[in-house]
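Enquirer: Following this line is data-v7.cif, made up of mmCIF, C-alpha atoms and all ligand atoms:
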```
data_work
loop_
_atom_site.group_PDB
_atom_site.id
_atom_site.type_symbol
_atom_site.label_atom_id
_atom_site.label_comp_id
_atom_site.auth_asym_id
_atom_site.auth_seq_id
_atom_site.Cartn_x
_atom_site.Cartn_y
_atom_site.Cartn_z
ATOM 1 C CA MET A 306 28.605 -0.219 -15.275
ATOM 2 C CA GLU A 307 27.078 -2.192 -12.417
ATOM 3 C CA LYS A 308 23.330 -2.134 -11.691
ATOM 4 C CA PHE A 309 21.679 -3.477 -8.553
ATOM 5 C CA TYR A 310 19.053 -2.897 -5.870
ATOM 6 C CA ALA A 311 20.423 -1.717 -2.546
ATOM 7 C CA ARG A 312 19.171 -0.305 0.737
ATOM 8 C CA VAL A 313 20.741 2.882 2.068
ATOM 9 C CA ASN A 314 22.107 2.181 5.549
ATOM 10 C CA GLY A 315 23.834 5.541 6.125
ATOM 11 C CA PHE A 316 26.565 7.902 4.994
ATOM 12 C CA ASN A 317 30.284 8.367 5.564
ATOM 13 C CA GLN A 318 31.495 11.929 5.358
ATOM 14 C CA ASN A 319 34.861 13.535 5.752
ATOM 15 C CA LYS A 320 36.232 16.844 4.440
ATOM 16 C CA ASP A 321 35.960 16.288 0.697
ATOM 17 C CA LEU A 322 34.623 12.789 0.289
ATOM 18 C CA VAL A 323 31.155 11.455 0.808
ATOM 19 C CA SER A 324 30.029 7.846 0.512
ATOM 20 C CA VAL A 325 26.667 6.200 0.860
ATOM 21 C CA ILE A 326 26.756 2.912 2.764
ATOM 22 C CA VAL A 327 24.506 0.389 1.076
ATOM 23 C CA GLU A 328 23.359 -3.167 1.642
ATOM 24 C CA THR A 329 22.571 -5.488 -1.261
ATOM 25 C CA VAL A 330 20.874 -8.880 -1.652
ATOM 26 C CA PRO A 331 22.549 -11.357 -1.009
ATOM 27 C CA LYS A 332 23.909 -9.406 1.934
ATOM 28 C CA LYS A 333 26.966 -7.297 1.175
ATOM 29 C CA VAL A 334 27.610 -3.943 2.846
ATOM 30 C CA PHE A 335 29.874 -1.403 1.133
ATOM 31 C CA GLY A 336 30.368 2.279 0.373
ATOM 32 C CA ILE A 337 29.705 4.046 -2.927
ATOM 33 C CA ARG A 338 31.202 7.459 -3.622
ATOM 34 C CA ILE A 339 28.564 10.184 -4.113
ATOM 35 C CA VAL A 340 28.535 13.956 -4.448
ATOM 36 C CA ARG A 341 27.506 15.927 -1.385
ATOM 37 C CA GLU A 342 24.145 17.071 -2.856
ATOM 38 C CA GLN A 343 23.042 13.445 -3.241
ATOM 39 C CA ILE A 344 22.841 13.057 0.551
ATOM 40 C CA GLU A 345 19.636 15.098 0.473
ATOM 41 C CA LEU A 346 18.127 12.831 -2.189
ATOM 42 C CA LEU A 347 18.930 9.417 -0.713
ATOM 43 C CA LYS A 348 16.836 8.364 2.293
ATOM 44 C CA VAL A 349 18.176 5.997 4.943
ATOM 45 C CA GLY A 350 16.144 2.774 5.063
ATOM 46 C CA TYR A 351 14.910 3.141 1.475
ATOM 47 C CA ILE A 352 15.753 0.797 -1.383
ATOM 48 C CA TYR A 353 17.022 2.161 -4.696
ATOM 49 C CA PHE A 354 17.870 0.823 -8.110
ATOM 50 C CA MET A 355 21.475 2.009 -8.485
ATOM 51 C CA GLU A 356 23.780 2.356 -11.457
ATOM 52 C CA THR A 357 27.449 2.650 -10.540
ATOM 53 C CA GLU A 358 30.835 2.661 -12.238
ATOM 54 C CA SER A 359 34.259 1.619 -10.977
ATOM 55 C CA PHE A 360 37.084 4.075 -10.707
ATOM 56 C CA GLU A 361 40.642 3.863 -9.447
ATOM 57 C CA ARG A 362 40.666 5.463 -6.019
ATOM 58 C CA LYS A 363 44.394 4.885 -5.581
ATOM 59 C CA PRO A 364 46.677 3.059 -7.999
ATOM 60 C CA GLY A 365 45.450 -0.520 -8.057
ATOM 61 C CA GLU A 366 42.502 0.188 -5.692
ATOM 62 C CA LEU A 367 39.050 0.211 -7.224
ATOM 63 C CA SER A 368 36.015 1.974 -5.796
ATOM 64 C CA LEU A 369 32.442 2.549 -6.942
ATOM 65 C CA ARG A 370 30.865 5.848 -7.877
ATOM 66 C CA LEU A 371 27.081 6.404 -8.060
ATOM 67 C CA LEU A 372 25.895 7.437 -11.515
ATOM 68 C CA ASN A 373 22.105 7.149 -11.268
ATOM 69 C CA PHE A 374 19.568 5.976 -8.772
ATOM 70 C CA GLU A 375 15.819 5.482 -8.712
ATOM 71 C CA GLU A 376 13.616 4.875 -5.701
ATOM 72 C CA ILE A 377 12.065 1.409 -5.792
ATOM 73 C CA PHE A 378 8.536 2.633 -4.999
ATOM 74 C CA GLY A 379 8.368 4.542 -8.271
ATOM 75 C CA LYS A 380 8.946 1.401 -10.316
ATOM 76 C CA GLU A 381 6.417 -1.165 -11.546
ATOM 77 C CA PRO A 382 6.808 -4.289 -9.349
ATOM 78 C CA ASP A 383 8.661 -7.143 -11.057
ATOM 79 C CA THR A 384 10.342 -10.255 -9.687
ATOM 80 C CA ALA A 385 13.678 -8.480 -9.102
ATOM 81 C CA ILE A 386 11.903 -5.776 -7.074
ATOM 82 C CA GLU A 387 9.877 -8.305 -5.102
ATOM 83 C CA GLU A 388 13.058 -10.256 -4.282
ATOM 84 C CA ALA A 389 14.899 -7.111 -3.176
ATOM 85 C CA LEU A 390 11.985 -5.890 -1.060
ATOM 86 C CA LYS A 391 11.341 -9.297 0.488
ATOM 87 C CA ALA A 392 14.909 -9.467 1.787
ATOM 88 C CA PHE A 393 14.323 -6.370 3.919
ATOM 89 C CA PHE A 394 10.526 -6.553 4.373
ATOM 90 C CA PRO A 395 9.321 -10.192 4.433
ATOM 91 C CA GLU A 396 5.671 -9.074 4.311
ATOM 92 C CA CYS A 397 6.268 -8.058 0.655
ATOM 93 C CA GLU A 398 6.118 -11.731 -0.340
ATOM 94 C CA GLY A 399 3.410 -12.139 -2.999
ATOM 95 C CA LEU A 400 3.397 -8.469 -4.027
ATOM 96 C CA ILE A 401 3.134 -9.177 -7.769
ATOM 97 C CA GLU A 402 0.552 -11.890 -7.307
ATOM 98 C CA ARG A 403 -1.634 -9.495 -5.300
ATOM 99 C CA MET A 404 -1.300 -6.862 -7.996
ATOM 100 C CA ASN A 405 -2.342 -9.346 -10.697
ATOM 101 C CA GLU A 406 -5.244 -10.663 -8.640
ATOM 102 C CA ILE A 407 -6.633 -7.181 -7.944
ATOM 103 C CA ASN A 408 -6.358 -6.310 -11.636
ATOM 104 C CA LYS A 409 -8.223 -9.532 -12.508
ATOM 105 C CA PHE A 410 -11.124 -8.505 -10.227
ATOM 106 C CA VAL A 411 -11.257 -5.110 -11.949
ATOM 107 C CA ASP A 412 -11.341 -6.845 -15.344
ATOM 108 C CA LYS A 413 -14.482 -8.704 -14.217
ATOM 109 C CA ILE A 414 -16.471 -5.445 -13.958
ATOM 110 C CA ASN A 415 -18.933 -5.216 -16.862
ATOM 111 C CA ASN A 416 -20.530 -1.801 -16.272
ATOM 112 C CA VAL A 417 -18.654 0.663 -18.506
ATOM 113 C CA ILE A 418 -18.800 3.627 -16.110
ATOM 114 C CA LEU A 419 -17.657 1.623 -13.067
ATOM 115 C CA LYS A 420 -14.985 -0.192 -15.046
ATOM 116 C CA THR A 421 -13.590 2.995 -16.602
ATOM 117 C CA ILE A 422 -13.407 4.914 -13.316
ATOM 118 C CA THR A 423 -11.951 1.999 -11.330
ATOM 119 C CA LYS A 424 -9.392 1.034 -13.955
ATOM 120 C CA LYS A 425 -8.246 4.591 -14.612
ATOM 121 C CA LEU A 426 -7.903 5.512 -10.939
ATOM 122 C CA LEU A 427 -6.035 2.314 -10.135
ATOM 123 C CA LYS A 428 -3.708 2.925 -13.083
ATOM 124 C CA ARG A 429 -3.213 6.574 -12.097
ATOM 125 C CA TYR A 430 -2.057 5.564 -8.618
ATOM 126 C CA SER A 431 -0.043 2.487 -9.604
ATOM 127 C CA PRO A 432 2.481 1.259 -8.754
ATOM 128 C CA THR A 433 2.349 3.332 -5.523
ATOM 129 C CA PHE A 434 -0.932 1.717 -4.422
ATOM 130 C CA PHE A 435 0.690 -1.736 -4.326
ATOM 131 C CA TYR A 436 3.541 -0.615 -2.023
ATOM 132 C CA TYR A 437 1.575 1.368 0.558
ATOM 133 C CA PRO A 438 0.547 0.200 4.017
ATOM 134 C CA ALA A 439 -3.174 0.430 4.803
ATOM 135 C CA ALA A 440 -2.666 2.302 8.053
ATOM 136 C CA SER A 441 -0.021 3.668 10.392
ATOM 137 C CA ARG A 442 -0.843 1.320 13.259
ATOM 138 C CA MET A 443 -4.387 -0.163 13.459
ATOM 139 C CA HIS A 444 -4.189 -2.864 10.744
ATOM 140 C CA HIS A 445 -2.057 -3.870 7.720
ATOM 141 C CA ASN A 446 0.545 -1.326 8.881
ATOM 142 C CA TYR A 447 3.342 -2.700 6.710
ATOM 143 C CA LEU A 448 4.557 -2.390 3.133
ATOM 144 C CA GLY A 449 1.979 -3.724 0.686
ATOM 145 C CA GLY A 450 -0.698 -3.746 3.410
ATOM 146 C CA LEU A 451 -3.139 -1.653 1.386
ATOM 147 C CA ALA A 452 -3.223 -4.147 -1.496
ATOM 148 C CA ARG A 453 -3.389 -7.052 0.981
ATOM 149 C CA HIS A 454 -6.408 -5.429 2.695
ATOM 150 C CA THR A 455 -8.108 -4.646 -0.645
ATOM 151 C CA LEU A 456 -7.576 -8.150 -2.044
ATOM 152 C CA GLY A 457 -8.694 -9.732 1.231
ATOM 153 C CA MET A 458 -11.986 -7.845 1.015
ATOM 154 C CA LEU A 459 -12.445 -8.760 -2.665
ATOM 155 C CA LYS A 460 -11.981 -12.440 -1.823
ATOM 156 C CA MET A 461 -14.316 -12.269 1.176
ATOM 157 C CA SER A 462 -16.982 -10.638 -1.012
ATOM 158 C CA GLU A 463 -17.112 -13.668 -3.301
ATOM 159 C CA SER A 464 -18.878 -15.905 -0.783
ATOM 160 C CA LEU A 465 -21.510 -13.212 -0.116
ATOM 161 C CA LYS A 466 -22.355 -12.960 -3.800
ATOM 162 C CA VAL A 467 -23.120 -16.678 -3.849
ATOM 163 C CA LEU A 468 -25.548 -16.289 -0.933
ATOM 164 C CA TYR A 469 -27.277 -13.028 -1.902
ATOM 165 C CA SER A 470 -28.266 -12.653 -5.528
ATOM 166 C CA GLU A 471 -29.350 -9.030 -4.888
ATOM 167 C CA ILE A 472 -25.724 -7.929 -4.736
ATOM 168 C CA ASN A 473 -24.391 -6.105 -7.788
ATOM 169 C CA ASN A 474 -20.946 -7.500 -8.439
ATOM 170 C CA ASP A 475 -19.688 -4.500 -10.414
ATOM 171 C CA ILE A 476 -20.634 -1.953 -7.758
ATOM 172 C CA LEU A 477 -19.124 -4.036 -4.966
ATOM 173 C CA ILE A 478 -15.793 -4.693 -6.733
ATOM 174 C CA SER A 479 -15.458 -1.061 -7.734
ATOM 175 C CA GLY A 480 -16.267 0.179 -4.209
ATOM 176 C CA ILE A 481 -13.791 -2.224 -2.578
ATOM 177 C CA VAL A 482 -10.922 -1.404 -4.955
ATOM 178 C CA LEU A 483 -11.369 2.359 -4.570
ATOM 179 C CA HIS A 484 -12.435 2.695 -0.918
ATOM 180 C CA ASP A 485 -8.950 3.321 0.552
ATOM 181 C CA ILE A 486 -7.049 4.323 -2.591
ATOM 182 C CA MET A 487 -6.363 7.827 -1.298
ATOM 183 C CA LYS A 488 -4.414 6.446 1.659
ATOM 184 C CA ILE A 489 -1.527 7.024 -0.715
ATOM 185 C CA LYS A 490 -2.170 10.769 -0.333
ATOM 186 C CA GLU A 491 -3.075 10.520 3.332
ATOM 187 C CA TYR A 492 0.354 9.172 4.334
ATOM 188 C CA LYS A 493 3.750 10.598 3.373
ATOM 189 C CA THR A 494 5.489 7.595 1.811
ATOM 190 C CA PRO A 495 5.092 3.803 1.996
ATOM 191 C CA LEU A 496 7.759 3.701 4.711
ATOM 192 C CA GLU A 497 6.619 6.794 6.590
ATOM 193 C CA PRO A 498 2.942 6.340 7.354
ATOM 194 C CA GLU A 499 2.636 9.762 8.969
ATOM 195 C CA PHE A 500 -0.115 12.104 7.830
ATOM 196 C CA THR A 501 0.570 14.490 4.976
ATOM 197 C CA LYS A 502 -0.964 17.968 5.077
ATOM 198 C CA GLU A 503 -3.914 16.659 3.005
ATOM 199 C CA GLY A 504 -4.149 13.654 5.309
ATOM 200 C CA HIS A 505 -4.405 15.905 8.373
ATOM 201 C CA LEU A 506 -6.791 18.414 6.870
ATOM 202 C CA LEU A 507 -8.975 16.122 4.748
ATOM 203 C CA GLY A 508 -8.242 12.375 5.072
ATOM 204 C CA HIS A 509 -8.651 9.574 2.542
ATOM 205 C CA ILE A 510 -12.462 9.708 2.434
ATOM 206 C CA PRO A 511 -12.968 13.296 1.157
ATOM 207 C CA LEU A 512 -9.847 12.897 -0.995
ATOM 208 C CA GLY A 513 -11.368 9.723 -2.461
ATOM 209 C CA VAL A 514 -14.721 11.405 -3.222
ATOM 210 C CA ALA A 515 -12.818 14.197 -5.004
ATOM 211 C CA GLU A 516 -10.885 11.633 -7.072
ATOM 212 C CA ILE A 517 -14.062 9.857 -8.153
ATOM 213 C CA THR A 518 -15.643 13.195 -9.087
ATOM 214 C CA LYS A 519 -12.579 14.276 -11.088
ATOM 215 C CA GLU A 520 -12.369 10.955 -12.941
ATOM 216 C CA ALA A 521 -16.120 11.122 -13.679
ATOM 217 C CA LEU A 522 -15.742 14.646 -15.090
ATOM 218 C CA ARG A 523 -12.784 13.625 -17.258
ATOM 219 C CA ASN A 524 -14.935 10.913 -18.822
ATOM 220 C CA GLY A 525 -18.317 12.700 -18.981
ATOM 221 C CA PHE A 526 -19.894 10.423 -16.343
ATOM 222 C CA GLU A 527 -20.531 13.101 -13.705
ATOM 223 C CA ASP A 528 -24.343 12.907 -13.768
ATOM 224 C CA SER A 529 -24.577 9.118 -13.635
ATOM 225 C CA GLU A 530 -26.198 6.970 -10.957
ATOM 226 C CA GLU A 531 -22.994 4.871 -10.835
ATOM 227 C CA VAL A 532 -20.863 7.844 -9.801
ATOM 228 C CA LEU A 533 -23.340 8.848 -7.094
ATOM 229 C CA LEU A 534 -23.250 5.268 -5.737
ATOM 230 C CA LEU A 535 -19.442 5.206 -5.729
ATOM 231 C CA GLN A 536 -19.297 8.567 -3.954
ATOM 232 C CA HIS A 537 -21.722 7.286 -1.315
ATOM 233 C CA MET A 538 -19.682 4.111 -0.810
ATOM 234 C CA MET A 539 -16.592 6.220 -0.328
ATOM 235 C CA ILE A 540 -18.117 8.563 2.261
ATOM 236 C CA SER A 541 -19.975 5.833 4.169
ATOM 237 C CA HIS A 542 -17.388 3.043 4.336
ATOM 238 C CA HIS A 543 -16.280 3.845 7.908
ATOM 239 C CA GLY A 544 -19.895 3.436 8.965
ATOM 240 C CA GLN A 545 -20.385 6.350 11.320
ATOM 241 C CA LEU A 546 -19.531 9.972 11.961
ATOM 242 C CA ALA A 547 -17.172 9.143 14.819
ATOM 243 C CA PHE A 548 -14.949 7.234 12.375
ATOM 244 C CA GLY A 549 -14.973 9.824 9.597
ATOM 245 C CA SER A 550 -18.098 8.938 7.596
ATOM 246 C CA SER A 551 -20.682 11.676 7.151
ATOM 247 C CA ARG A 552 -23.378 9.175 6.085
ATOM 248 C CA LYS A 553 -24.259 5.643 7.156
ATOM 249 C CA PRO A 554 -24.162 3.035 4.358
ATOM 250 C CA ALA A 555 -27.569 3.303 2.674
ATOM 251 C CA PHE A 556 -27.627 0.645 -0.032
ATOM 252 C CA ILE A 557 -26.671 -3.005 0.065
ATOM 253 C CA GLU A 558 -23.216 -2.868 -1.558
ATOM 254 C CA ALA A 559 -22.258 0.150 0.589
ATOM 255 C CA PHE A 560 -23.335 -1.751 3.696
ATOM 256 C CA ILE A 561 -21.324 -4.812 2.647
ATOM 257 C CA LEU A 562 -18.282 -2.647 1.881
ATOM 258 C CA HIS A 563 -18.417 -1.243 5.402
ATOM 259 C CA MET A 564 -18.844 -4.679 6.990
ATOM 260 C CA LEU A 565 -16.031 -6.236 4.933
ATOM 261 C CA ASP A 566 -13.731 -3.304 5.706
ATOM 262 C CA ASN A 567 -14.448 -3.696 9.395
ATOM 263 C CA MET A 568 -14.083 -7.479 9.375
ATOM 264 C CA ASN A 569 -10.951 -7.670 7.243
ATOM 265 C CA SER A 570 -9.097 -4.957 9.164
ATOM 266 C CA LYS A 571 -9.976 -6.419 12.569
ATOM 267 C CA LEU A 572 -9.360 -10.064 11.664
ATOM 268 C CA THR A 573 -5.969 -9.194 10.194
ATOM 269 C CA ALA A 574 -4.967 -7.153 13.241
ATOM 270 C CA ILE A 575 -6.026 -10.076 15.493
ATOM 271 C CA THR A 576 -4.240 -12.756 13.449
ATOM 272 C CA ASP A 577 -1.112 -10.572 13.169
ATOM 273 C CA ALA A 578 -1.096 -10.252 16.986
ATOM 274 C CA LEU A 579 -1.605 -14.021 17.406
ATOM 275 C CA LYS A 580 1.416 -14.710 15.162
ATOM 276 C CA LYS A 581 3.538 -13.016 17.832
ATOM 277 C CA THR A 582 1.845 -14.937 20.679
ATOM 278 C CA SER A 583 2.810 -18.326 22.133
ATOM 279 C CA ASP A 584 0.238 -21.100 22.588
ATOM 280 C CA PHE A 585 -1.785 -20.959 25.841
ATOM 281 C CA THR A 586 -0.956 -17.249 26.363
ATOM 282 C CA PHE A 587 -2.697 -13.951 25.597
ATOM 283 C CA SER A 588 -1.773 -11.560 22.799
ATOM 284 C CA GLU A 589 -0.909 -7.889 23.206
ATOM 285 C CA ASN A 590 -3.961 -5.591 23.263
ATOM 286 C CA VAL A 591 -5.304 -5.312 19.720
ATOM 287 C CA ALA A 592 -6.077 -1.627 19.106
ATOM 288 C CA ALA A 593 -8.311 -2.363 16.090
ATOM 289 C CA ALA A 594 -10.461 -4.726 18.185
ATOM 290 C CA GLU A 595 -11.296 -2.472 21.147
ATOM 291 C CA LYS A 596 -7.920 -3.160 22.732
ATOM 292 C CA THR A 597 -8.895 -6.754 23.493
ATOM 293 C CA SER A 598 -6.151 -9.237 24.359
ATOM 294 C CA PHE A 599 -6.803 -12.475 22.465
ATOM 295 C CA TYR A 600 -6.151 -15.926 23.867
ATOM 296 C CA LYS A 601 -4.107 -18.247 21.646
ATOM 297 C CA HIS A 602 -5.438 -21.700 22.338
ATOM 298 C CA GLY A 603 -3.196 -24.662 21.703
ATOM 299 C CA ILE A 604 -5.795 -26.845 19.967
ATOM 300 C CA LYS A 605 -4.455 -27.877 16.568
HETATM 301 FE FE FE Z 1 -11.012 3.770 4.901
HETATM 302 FE FE FE Z 2 -10.280 -0.139 4.369
#
```
What is this file in structure tokens?
Ligand SMILES: [Fe+2]
Ligand SMILES: [Fe+2]
Expert:
Amino acid sequence: MEKFYARVNGFNQNKDLVSVIVETVPKKVFGIRIVREQIELLKVGYIYFMETESFERKPGELSLRLLNFEEIFGKEPDTAIEEALKAFFPECEGLIERMNEINKFVDKINNVILKTITKKLLKRYSPTFFYYPAASRMHHNYLGGLARHTLGMLKMSESLKVLYSEINNDILISGIVLHDIMKIKEYKTPLEPEFTKEGHLLGHIPLGVAEITKEALRNGFEDSEEVLLLQHMMISHHGQLAFGSSRKPAFIEAFILHMLDNMNSKLTAITDALKKTSDFTFSENVAAAEKTSFYKHGIK
């Protein structure tokens, strides 16, 4: 039996025989015999862990047949997965490191209620959380973008805590880690960032408040101050009604969460645009930054 990661490039069909055309790392493109019903289950452009066996197609001519397959996004990231993903999606570089770093921040939370809710929700939605993009177009709109955005905000928050002793570390870490977690229910799949039904009708903010409430109820924390603060951070993190928040941030960590969210998403969209821009020219219009075109100076 042969096992490997491969991307589905398409299908070959004739009267009785169906093959899936796959691409592996290092690059090799070939067909694997499947049964007709499997066409519905394999998605073009997606990467799967495949188990195959050889069979004799004609005397002396070997072919492969698909025995089992598992979509990569359902599996816990490991080095083999990161390598396979990176070959097709270079932005997946550092996927495992980001996962470990985010988990380390969560481990730093001391407050039992905040730690329990944050840890359990992150675990409930892992590994999916680490594969998702953060948005369909505005910022971090690529595989792993959600974790990149979350970790970026966690790192940016560290300098603020040095300057302002009033900030509660536990509340801020918990709010940052959870603020966009329900993007995984807002968008269909990591590779299809189109709205789901829940995404259209509710969006990640109300979905996130519901998740916090459910997790609080499961653990008997529903009447705590901590849960109320987390719910407020969730509903206020977009800052104003026009952007989906029904309340403005009304305590310091909620205000910082909103500012960090704003700054990290815009700065990343700007720097991503500048990567595609030559020196001494202007970038494309950056939607996340009021459609401004940014000048790339040549000063090194
Ligand atoms: Fe958000
Ligand atoms: Fe965000």
Enquirer: Find the residue from A:Ile422, A:Ile486, A:Leu546, A:Met404 that sits nearest to ligand FE 1 (chain Z); use all atoms listed in the file when measuring.
Expert: A:Ile486
Enquirer: Expand the PyMOL selection byres (((not hetatm)) within 9 of (chain Z and resi 2)) into the individual residues it matches in the shown file, reporting them as a PDB file with C-alpha atoms, keeping the file's coordinate frame.
Expert:
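The file below, part37.pdb, is the result:
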```pdb
ATOM      1  CA  ALA A 439      -3.174   0.430   4.803  1.00  0.00           C
ATOM      2  CA  ALA A 440      -2.666   2.302   8.053  1.00  0.00           C
ATOM      3  CA  LEU A 451      -3.139  -1.653   1.386  1.00  0.00           C
ATOM      4  CA  HIS A 454      -6.408  -5.429   2.695  1.00  0.00           C
ATOM      5  CA  THR A 455      -8.108  -4.646  -0.645  1.00  0.00           C
ATOM      6  CA  MET A 458     -11.986  -7.845   1.015  1.00  0.00           C
ATOM      7  CA  ILE A 481     -13.791  -2.224  -2.578  1.00  0.00           C
ATOM      8  CA  HIS A 484     -12.435   2.695  -0.918  1.00  0.00           C
ATOM      9  CA  ASP A 485      -8.950   3.321   0.552  1.00  0.00           C
ATOM     10  CA  ILE A 486      -7.049   4.323  -2.591  1.00  0.00           C
ATOM     11  CA  HIS A 542     -17.388   3.043   4.336  1.00  0.00           C
ATOM     12  CA  HIS A 543     -16.280   3.845   7.908  1.00  0.00           C
ATOM     13  CA  LEU A 562     -18.282  -2.647   1.881  1.00  0.00           C
ATOM     14  CA  HIS A 563     -18.417  -1.243   5.402  1.00  0.00           C
ATOM     15  CA  LEU A 565     -16.031  -6.236   4.933  1.00  0.00           C
ATOM     16  CA  ASP A 566     -13.731  -3.304   5.706  1.00  0.00           C
ATOM     17  CA  ASN A 567     -14.448  -3.696   9.395  1.00  0.00           C
ATOM     18  CA  ASN A 569     -10.951  -7.670   7.243  1.00  0.00           C
ATOM     19  CA  SER A 570      -9.097  -4.957   9.164  1.00  0.00           C
TER      20      SER A 570
END
```
Enquirer: Smallest atom-to-atom distance to Met564 (chain A): which of A:Leu477, A:Lys601, A:Leu427, A:Ile517, using only C-alpha atoms?
Expert: A:Leu477
Enquirer: Give the answer as one residue: which of A:Leu468, A:Leu426, A:Val411, A:Met487 has the shortest atom-to-atom distance to ligand FE 1 (chain Z), using only C-alpha atoms and all ligand atoms?
Expert: A:Met487
Enquirer: On this file, the PyMOL selection byres (((chain A and resi 382) around 8) and not hetatm) gives some set of residues; write that set as a list in words.
Expert: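 Checking the PyMOL selection byres (((chain A and resi 382) around 8) and not hetatm) against this file, the residues are Lys380, Glu381, Asp383, Thr384, Ile386, Glu387, Leu400, Ile401 and Pro432 of chain A.
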Enquirer: Given all atoms listed in the file as the basis, pick out the residue of A:Tyr469, A:Phe599, A:Tyr310, A:Cys397 nearest to Lys581 (chain A).
Expert: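 Of the candidates, the smallest distance to Lys581 (chain A) is held by A:Phe599.
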Enquirer: Considering only C-alpha atoms, state which residue in the set A:Arg523, A:Lys596, A:Lys425, A:Arg453 is at the smallest distance from Thr573 (chain A).
Expert: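 Among A:Arg523, A:Lys596, A:Lys425, A:Arg453, it is A:Arg453 that comes nearest to Thr573 (chain A).
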Enquirer: From the options A:Ile339, A:Leu512, A:Val323, A:Leu533, which residue's atoms come nearest to ligand FE 1 (chain Z), counting only C-alpha atoms and all ligand atoms?
Expert: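 Of the candidates, the smallest distance to ligand FE 1 (chain Z) is held by A:Leu512.
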Enquirer: Under the PyMOL selection byres (((chain A and resi 326) around 7) and not hetatm), which residues of this model are included? Write them out as a CSV table (one decimal) with C-alpha atoms, keeping the file's coordinate frame.
Expert:
```csv
chain,number,residue,atom,x,y,z
A,313,VAL,CA,20.7,2.9,2.1
A,314,ASN,CA,22.1,2.2,5.5
A,315,GLY,CA,23.8,5.5,6.1
A,316,PHE,CA,26.6,7.9,5.0
A,324,SER,CA,30.0,7.8,0.5
A,325,VAL,CA,26.7,6.2,0.9
A,327,VAL,CA,24.5,0.4,1.1
A,334,VAL,CA,27.6,-3.9,2.8
A,335,PHE,CA,29.9,-1.4,1.1
A,336,GLY,CA,30.4,2.3,0.4
A,337,ILE,CA,29.7,4.0,-2.9
```
Enquirer: Could you please determine the separation between CA of Ala385 (chain A) and CA of Leu459 (chain A) in Å, to one decimal place?
Expert: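 Going from CA of Ala385 (chain A) over to CA of Leu459 (chain A), I get 26.9 Å.
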Enquirer: Rounded to one decimal place, report the CA of Gly513 (chain A)-CA of Lys409 (chain A) distance in Å.
Expert: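 Rounded to one decimal, the two atoms are 21.9 Å apart.
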Enquirer: In Å, rounded to a single decimal, give me how far CA of Pro438 (chain A) is from CA of Pro495 (chain A).
Expert: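 Taking CA of Pro495 (chain A) as the start and CA of Pro438 (chain A) as the end point, the length is 6.1 Å.
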Enquirer: How big is the axis-aligned box around all listed atoms of region 481-484 of chain A once 8 Å goes on each side, and where's its centre, in Å to one decimal, as JSON?
Expert:
```
{"center_x": -12.4, "center_y": 0.2, "center_z": -2.9, "size_x": 18.9, "size_y": 20.9, "size_z": 20.0}
```
Enquirer: Leaving out Lys332 (chain A) and any residue of its chain fewer than 6 positions from it, which residues lie within 12 Å of it when counting only C-alpha atoms, given as a list in words?
Expert: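 So the residues in contact are Tyr310, Ala311, Arg312, Ala389, Ala392 and Phe393 of chain A.
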Enquirer: Only C-alpha atoms, please: the residues just picked out, written as a short mmCIF file (atom, residue, chain, number, x, y, z; two decimals), in the frame of the given file.
Expert:
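Wrote it out as again_21.cif, contents follow:
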```
data_model
loop_
_atom_site.label_atom_id
_atom_site.label_comp_id
_atom_site.auth_asym_id
_atom_site.auth_seq_id
_atom_site.Cartn_x
_atom_site.Cartn_y
_atom_site.Cartn_z
CA TYR A 310 19.05 -2.90 -5.87
CA ALA A 311 20.42 -1.72 -2.55
CA ARG A 312 19.17 -0.30 0.74
CA ALA A 389 14.90 -7.11 -3.18
CA ALA A 392 14.91 -9.47 1.79
CA PHE A 393 14.32 -6.37 3.92
#
```
Enquirer: List as JSON, numbers by chain the protein and nucleic acid residues near Ala593 (chain A), meaning an atom at most 9 Å away when only C-alpha atoms are counted, but skip any in the same chain fewer than 6 places from it.
Expert: {"A": [442, 443, 444, 570, 571, 572, 574, 575]}
Enquirer: Using all atoms listed in the file, which residues sit within 7 Å of Phe309 (chain A) once same-chain residues fewer than 5 positions away are excluded, as number ranges by chain?
Expert: A: 354-356
Enquirer: Using only C-alpha atoms, which residues sit within 8 Å of Arg370 (chain A) once same-chain residues fewer than 2 positions away are excluded, as a list in words?
Expert: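 Selected residues are Ile337, Arg338, Ile339, Thr357, Glu358, Ser359, Phe360, Ser368 and Leu372 of chain A.
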Enquirer: Next, the residues of the selection above should be written as a PDB file, keeping the file's coordinate frame with C-alpha atoms.
Expert:
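Listed below is the output, selection-v9.pdb:
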```pdb
ATOM      1  CA  ILE A 337      29.705   4.046  -2.927  1.00  0.00           C
ATOM      2  CA  ARG A 338      31.202   7.459  -3.622  1.00  0.00           C
ATOM      3  CA  ILE A 339      28.564  10.184  -4.113  1.00  0.00           C
ATOM      4  CA  THR A 357      27.449   2.650 -10.540  1.00  0.00           C
ATOM      5  CA  GLU A 358      30.835   2.661 -12.238  1.00  0.00           C
ATOM      6  CA  SER A 359      34.259   1.619 -10.977  1.00  0.00           C
ATOM      7  CA  PHE A 360      37.084   4.075 -10.707  1.00  0.00           C
ATOM      8  CA  SER A 368      36.015   1.974  -5.796  1.00  0.00           C
ATOM      9  CA  LEU A 372      25.895   7.437 -11.515  1.00  0.00           C
TER      10      LEU A 372
END
```
